[in-house]
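What follows is a single structure, written as C-alpha cells, with notes after it.
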Number of protein chains: 2
Amino acid sequence: MTKVKAEIIAVGTELLLGQIANTNGQWISQKLASKGVHVFHHHVVGDNHDRILNVLKESHERSDVIVITGGLGPTDDDLTKEVVAEFVGGDLIEDTAVLSKIKSYFNETNRVMTENNYKQAKVIEGAKVIPNKFGTAPGIIVSHQSRYFILLPGVPSEMKQMMTNSVLPFLEETYNLSEVIVSKMIRCIGIGESQLEMELKDLIEEQSNPTIALLSMEGEVAVRLTANASSEKIANDLIETKAEELITRIGQYIYGFDDQSLNMTIVQMLKEKQQSIAGAESLTGGKFSDAMVSIPGASEVFKGSIVSYSTESKVNILGVKQSFIDEFGTISEETAFHMAKQAKEKLKATYGISFTGVAGPEPSEGKPVGTVYICLYKSDSDYQIETIQYKNNRESIRNRAIKKGLELVFNYLK
Amino acid sequence: MTKVKAEIIAVGTELLLGQIANTNGQWISQKLASKGVHVFHHHVVGDNHDRILNVLKESHERSDVIVITGGLGPTDDDLTKEVVAEFVGGDLIEDTAVLSKIKSYFNETNRVMTENNYKQAKVIEGAKVIPNKFGTAPGIIVSHQSRYFILLPGVPSEMKQMMTNSVLPFLEETYNLSEVIVSKMIRCIGIGESQLEMELKDLIEEQSNPTIALLSMEGEVAVRLTANASSEKIANDLIETKAEELITRIGQYIYGFDDQSLNMTIVQMLKEKQQSIAGAESLTGGKFSDAMVSIPGASEVFKGSIVSYSTESKVNILGVKQSFIDEFGTISEETAFHMAKQAKEKLKATYGISFTGVAGPEPSEGKPVGTVYICLYKSDSDYQIETIQYKNNRESIRNRAIKKGLELVFNYLK
C-alpha cells in the first residue's frame with residue numbers, strides 16, 4: 001500500500017486579499033482523502049512569478065502530488081503554467097487539439113477570440129492534457145523527478161469536473177491506490193470538550209486506526225473517527241467497532257452521527273413519539289422556529305410559534321397575564337414558564353418551549369446582557385426551567401440559547 | 001513607508017481533510033489588507049509537530065508578521081504554542097492573570113475545570129498576552145529576530161475580537177503603518193449584476209484608484225470601491241468622490257453602505273417614521289422575525305410575529321377565516337393577504353407582512369416547489385402582493401423569500 005503525500009496550492013491574489021475563501025482547497029482535500037491520499041499542506045500564493053516558483057520548490061521537496069488551482073486564464077497575470085514549465089524545464093507548445101476546442105467554444109458561444117486566448121492552447125511539452133468541458137483552459141499533469149504537478153483551473157465547476165473524471169482516476173492508476181479512508185462524526189451535546197477528552201483519554205492515547213479527534217463547535221462537541229483500510233467494508237467495520245465502544249462510554253451525550261443536526265434529531269424523535277412542539281420566542285426572535293422549519297417534514301411535529309417580542313404581544317397574543325409580568329418582569333423564570341405554557345395551550349402542542357432574556361447590547365430590567373431563561377413545558381407538574389448567563393455578543397447569545405433549548409428538548413425526549 | 005510582509009498559517013487537520021474551509025484566513029487577510037499590510041502567503045498545516053515546525057521556518061524566512069490560528073485548545077493535539085516556543089527558544093510559563101481568568105470563566109459558566117485547562121494558562125516567556133474575551137485560550141504575540149509570531153485561537157468569534165482590539169492596533173504602532181487601503185461597499189437591491197455592469201460600464205473600464213468591483217450575493221448585488229493612499233483622509237476622499245458618482249447613477253437601488261444590512265436599513269427607516277411592523281410566517285418559519293430581532297433596538301419597531309406553520313394556527317392564533325383557507329388554500333394570494341392583515345391587526349403594528357409558499361422538497365396543494373406569496377399590508381386600500389416562482393433548494397427558497405420581503409418593505413418606505 002503506497003502512502004501518497006499530496007499538497008494543494010491555490011494561485012490568486014484575490015485569495016490573499018480575502019475576497020474569496022479557498023473553497024477549492026477544501027473540496028479537493030475531501031476528494032483526495034476519500035481515495036487515501038494524504039494531504040499535508042495547503043498553500044495560497046499570489047500571481048507573482050518568484051513567489052510561485054519558491055512555493056513549487058518547497059512543495060516538490062516534500063510531496064508526491066502537487067495539485068495547483070488557478071492562474072491558467074488568458075490574462076497576463078495568469079502565470080501558473082509558465083512557472084511550472086520553467087521549474088520542470090519543459091517548453092510550452094501549442095496543442096492543436098486544445099486550440100481547435102477553444103476555437104469551437106468561442107464559435108458556439110458567439111464570442112470573439114482574442115489574441116491572449118491562444119495562450120490557453122499552450123501546454124507543457126510531454127504533459128498529459130486534461131480536457132475542459134466547461135471552459136477554455138485545459139488541465140495539465142506533468143511529471144518531474146517521479147512527482148506530479150497537476151494544474152487545474154480556479155473556476156470551481158471546471159476544476160471539479162476535471163478532478164472527478166480525470167485526476168482521481170489518474171491517481172488511482174498511477175499509485176495503484178487501494179487504500180480507502182472513511183470518517184464518521186459522532187455528535188454530542190451537554191458535555192464540554194475537556195470533559196469529553198477526560199472520558200475518552202485512554203482511547204485517545206492508544207488510538208491508531210481509526211484515529212480519534214475531538215472537535216468543538218458553538219455549544220456542542222463532536223468526535224471524529226477516521227479509518228483507513230484496503231476496502232470500504234474493512235474501513236467501515238473498523239469505524240463501527242470503535243463507534244460502539246464510544247457509544248458505551250458517552251452514549252448519553254450523543255444525539256447524532258455525520259450530518260445529522262440536533263434539530264433534525266428532535267424532529268425525528270417527535271415524529272416517532274407522535275408528539276408536537278410549539279414555541280414562544282422573545283430573545284431568540286424566531287430562531288427556534290426556523291431551526292424546526294428548516295427540516296423537511298417538520299410540519300407534522302412543529303405547530304408554530306409566537307414571536308412575542310413586545311410585552312404587549314406576550315399579553316395579547318400569547319395570553320400571559322399582565323399581573324405576572326408586572327410582578328416578575330418579562331425576563332424572569334416566571335414569565336418563561338407562562339410563555340411556554342401558553343405556547344403549548346394556544347398552539348395545541350404536546351410541549352411548549354419559551355426563550356426570554358437579554359441579548360444586549362444594553363442590560364434590560366436590571367438584568368445583565370447574556371441572561372437567558374428557557375422553559376420546556378408539558379404540564380404544570382412536568383416542566384423544566386433553565387437559567388443561563390452567557391458571556392458572548394448578541395448573535396452568539398441568541399445562537400447559544402437555541403442550542404441550549406434544543407438540548408433541553410433532546411434530553412427530555414431521549 | 002514600511003512595507004510589511006505577512007502570512008497566515010492555519011493549524012488543524014480538519015482543514016486538510018476538507019471538513020471546513022479556511023475562512024479565518026480570508027477574514028484576517030481582509031483586515032491586514034485594510035491596514036496596508038501585504039499578505040503574500042496562506043498556509044494550512046495539520047496538528048503535527050514536525051510539519052508545523054517546518055512551516056514556521058519557511059514563514060520566518062520570508063515574512064515580517066506570521067499570524068497563526070488554531071491549535072491553542074486544551075487537548076494534547078493542540079500544539080501551536082509548544083512548537084512556536086520551541087522555534088523561538090522560549091519557555092512556557094504559567095501566567096497567573098490568564099489562569100485566574102480561566103478559573104473565573106469556568107466558575108461563572110458553572111463548568112468544572114479539568115487538568116488540561118491549566119495548559120491553556122501557559123504562555124511563552126516574554127511574550128505579549130492578548131486576553132480572550134469569549135473563551136479560555138489567550139492570544140500570544142512573540143518576537144523572534146525582529147519578526148513576529150501572532151498566535152490566535154481558531155474559533156472565529158474569539159479570533160476576530162483579538163485581531164480587532166489587539167493585533168491590528170499592535171501592528172499599526174509597531175510598523176507605523178502609513179499606507180492605507182480603504183474599501184467601501186455600496187449595497188443594492190432590485191437590480192441584477194449584469195444590469196448593474198451595463199449602468200457602470202464606462203466607470204468600470206476607466207477605473208484606476210479607486211478600483212471598482214461588482215459582487216453578487218444571494219438576492220442582491222454590491223459595488224466595492226477600493227482606494228489606497230498615504231492617509232486615510234486622502235483614501236476616503238477618493239472613495240467618496242467616486243461613490244457620489246455612483247449614487248447619481250444607481251441611487252434608486254442603493255439601500256446601504258459597508259456592513260449595513262437591508263434589515264438594519266428597514267429598522268432605521270421604521271424608527272424615523274415612528275412606524276412598526278409585525279409578521280405572519282409560514283414558509284419562512286421565523287426567519288423574517290429573526291432578521292428583525294438580530295438588529296439591536298428592533299423592539300421599538302418590531303412588534304413580533306406569528307409563525308403559523310400549521311393550518312390550525314393560521315385560524316386559531318392568527319385569526320384567518322377557515323372559509324378563506326377552504327376556498328383558496330393556504331398557499332395563495334388570498335391567504336397571504338389575510339395573514340398580513342391579521343398580523344398587523346393582532347399585533348397592533350403599522351404594517352403586517354406575510355410569507356406563505358412551498359419550500360419543498362415536495363409540491364403542496366398542487367403548487368410546485370418554489371412558489372412563494374408575500375404580502376405587505378397597511379390597509380385594505382394600501383397593500384402589495386408579490387408572487388414568485390423560485391428554482392432553488394429549500395434553504396435558498398426561504399432565504400430568497402426573506403430578501404424579497406425586505407425589498408418590498410424597503411421600496412415602500414423609501
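Residue numbering restarts at 1 in every chain; chains get A, B, ... in the order shown in the C-alpha cells, and ligands count up from 1 in that same order.
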
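On all C-alpha atoms, the superposed RMSD for chain B relative to chain A stands at 5.2 Å.
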
Near chain A, meaning an atom within 7 Å, which residues of chain B appear when counting only C-alpha atoms? Write them as a ChimeraX atom specification. /B:15-18,20-23,26-27,29-30,33,39-46,74,109,114,134,285-287,289-290,293-294,296,299,303-310,313,347,361,395

Within segment 282-314 of chain A, find each residue whose DSSP state, derived from the backbone, is helix (DSSP H, G or I), and express the selection as a PDB file with C-alpha atoms, in the first residue's frame.
```
ATOM      1  CA  LYS A 287     -34.644  31.252  15.517  1.00  0.00           C
ATOM      2  CA  PHE A 288     -36.115  28.217  17.264  1.00  0.00           C
ATOM      3  CA  SER A 289     -38.977  28.102  14.755  1.00  0.00           C
ATOM      4  CA  ASP A 290     -36.515  28.491  11.919  1.00  0.00           C
ATOM      5  CA  ALA A 291     -34.465  25.554  13.229  1.00  0.00           C
ATOM      6  CA  MET A 292     -37.615  23.419  13.152  1.00  0.00           C
ATOM      7  CA  VAL A 293     -38.974  24.617   9.801  1.00  0.00           C
ATOM      8  CA  ALA A 298     -41.344  19.390  10.278  1.00  0.00           C
ATOM      9  CA  SER A 299     -44.990  20.330   9.812  1.00  0.00           C
ATOM     10  CA  GLU A 300     -46.049  17.013  11.380  1.00  0.00           C
ATOM     11  CA  THR A 311     -44.607  42.931  26.088  1.00  0.00           C
ATOM     12  CA  GLU A 312     -47.967  43.734  24.524  1.00  0.00           C
ATOM     13  CA  SER A 313     -47.778  40.652  22.314  1.00  0.00           C
ATOM     14  CA  LYS A 314     -46.856  38.467  25.288  1.00  0.00           C
TER      15      LYS A 314
END
```

Just want the 10 Å neighbourhood of Lys133 of chain A, counted on only C-alpha atoms, with same-chain residues fewer than 3 positions away dropped. Output as an mmCIF file with N, CA and C atoms, in the first residue's frame.
```
data_model
loop_
_atom_site.group_PDB
_atom_site.id
_atom_site.type_symbol
_atom_site.label_atom_id
_atom_site.label_comp_id
_atom_site.auth_asym_id
_atom_site.auth_seq_id
_atom_site.Cartn_x
_atom_site.Cartn_y
_atom_site.Cartn_z
ATOM 1 N N LYS A 101 -10.456 23.062 -29.917
ATOM 2 C CA LYS A 101 -11.552 23.058 -28.935
ATOM 3 C C LYS A 101 -11.886 24.489 -28.482
ATOM 4 N N TYR A 105 -15.328 26.495 -29.054
ATOM 5 C CA TYR A 105 -16.014 27.031 -27.870
ATOM 6 C C TYR A 105 -16.423 28.484 -28.118
ATOM 7 N N ILE A 130 -5.639 17.520 -19.776
ATOM 8 C CA ILE A 130 -6.981 17.176 -19.307
ATOM 9 C C ILE A 130 -7.974 18.101 -19.994
ATOM 10 N N THR A 136 -12.307 27.144 -21.237
ATOM 11 C CA THR A 136 -11.278 27.113 -22.266
ATOM 12 C C THR A 136 -9.921 26.602 -21.789
ATOM 13 N N ALA A 137 -9.586 26.787 -20.507
ATOM 14 C CA ALA A 137 -8.249 26.405 -20.032
ATOM 15 C C ALA A 137 -8.163 24.906 -19.791
ATOM 16 N N PRO A 138 -7.275 24.189 -20.497
ATOM 17 C CA PRO A 138 -7.146 22.763 -20.225
ATOM 18 C C PRO A 138 -6.384 22.530 -18.922
ATOM 19 N N SER A 157 -16.469 24.857 -11.019
ATOM 20 C CA SER A 157 -17.165 23.844 -11.820
ATOM 21 C C SER A 157 -16.199 23.154 -12.787
ATOM 22 N N GLU A 158 -15.269 23.936 -13.370
ATOM 23 C CA GLU A 158 -14.303 23.356 -14.303
ATOM 24 C C GLU A 158 -13.332 22.443 -13.556
ATOM 25 N N MET A 159 -12.841 22.923 -12.421
ATOM 26 C CA MET A 159 -11.888 22.157 -11.619
ATOM 27 C C MET A 159 -12.504 20.832 -11.155
ATOM 28 N N GLN A 161 -15.019 19.038 -12.318
ATOM 29 C CA GLN A 161 -15.248 18.089 -13.388
ATOM 30 C C GLN A 161 -13.932 17.375 -13.741
ATOM 31 N N MET A 162 -12.838 18.134 -13.804
ATOM 32 C CA MET A 162 -11.540 17.535 -14.152
ATOM 33 C C MET A 162 -11.030 16.615 -13.048
#
```

Could you write out, as an NGL selection string, all the residues of segment 300-390 of chain B that DSSP marks as strand (DSSP E)? :B and (302-307 or 351-357 or 371-379 or 382-389)

Set the distance at 8 Å and use only C-alpha atoms: which residues neighbour Leu376 of chain B once local chain neighbours fewer than 6 positions away are removed? I'd like the list as a tab-separated table (two decimals) with N, CA and C atoms, in the first residue's frame.
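So out-v5.tsv came out as:
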```tsv
chain	number	residue	atom	x	y	z
B	337	PHE	N	-52.72	37.60	1.81
B	337	PHE	CA	-53.34	38.88	2.16
B	337	PHE	C	-53.92	38.85	3.57
B	340	ALA	N	-51.27	38.71	6.38
B	340	ALA	CA	-50.61	40.00	6.63
B	340	ALA	C	-51.54	40.95	7.37
B	351	TYR	N	-47.65	48.01	9.84
B	351	TYR	CA	-47.67	47.10	8.68
B	351	TYR	C	-47.71	45.65	9.15
B	352	GLY	N	-48.32	44.82	8.34
B	352	GLY	CA	-48.18	43.37	8.52
B	352	GLY	C	-47.51	42.82	7.28
B	353	ILE	N	-46.64	41.83	7.46
B	353	ILE	CA	-46.04	41.18	6.29
B	353	ILE	C	-46.20	39.68	6.45
B	354	SER	N	-46.56	39.01	5.35
B	354	SER	CA	-46.79	37.57	5.44
B	354	SER	C	-45.98	36.82	4.38
B	383	TYR	N	-51.94	47.89	-0.02
B	383	TYR	CA	-51.19	46.64	0.21
B	383	TYR	C	-50.55	46.19	-1.10
B	384	GLN	N	-49.57	45.31	-0.99
B	384	GLN	CA	-48.93	44.75	-2.19
B	384	GLN	C	-48.79	43.26	-2.00
B	385	ILE	N	-49.03	42.52	-3.08
B	385	ILE	CA	-48.80	41.07	-3.03
B	385	ILE	C	-47.80	40.71	-4.12
B	405	GLY	N	-39.03	39.92	0.64
B	405	GLY	CA	-39.93	40.60	1.58
B	405	GLY	C	-39.30	41.89	2.08
B	408	LEU	N	-39.50	44.49	-0.60
B	408	LEU	CA	-40.84	45.10	-0.65
B	408	LEU	C	-40.98	46.21	0.39
B	409	VAL	N	-40.57	45.91	1.62
B	409	VAL	CA	-40.69	46.90	2.69
B	409	VAL	C	-39.82	48.12	2.37
```

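Here the question is which of B:Leu270, B:Val221, B:Ile186, B:Val4 gets nearest to Ile239 of chain B using only C-alpha atoms, and that residue is B:Ile186.
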
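If you count only C-alpha atoms and ignore residues fewer than 3 places along the chain from Lys81 of chain B, what sits within 9 Å of it is Gly71, Leu72, Asp78, Val84, Ala85, Glu86, Leu92, Lys122, Val123, Ile124, Ile140 and Leu151 of chain B.
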
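Rounded to one decimal, atom CA of Tyr253 of chain A and atom CA of Arg187 of chain A lie 8.1 Å from each other.
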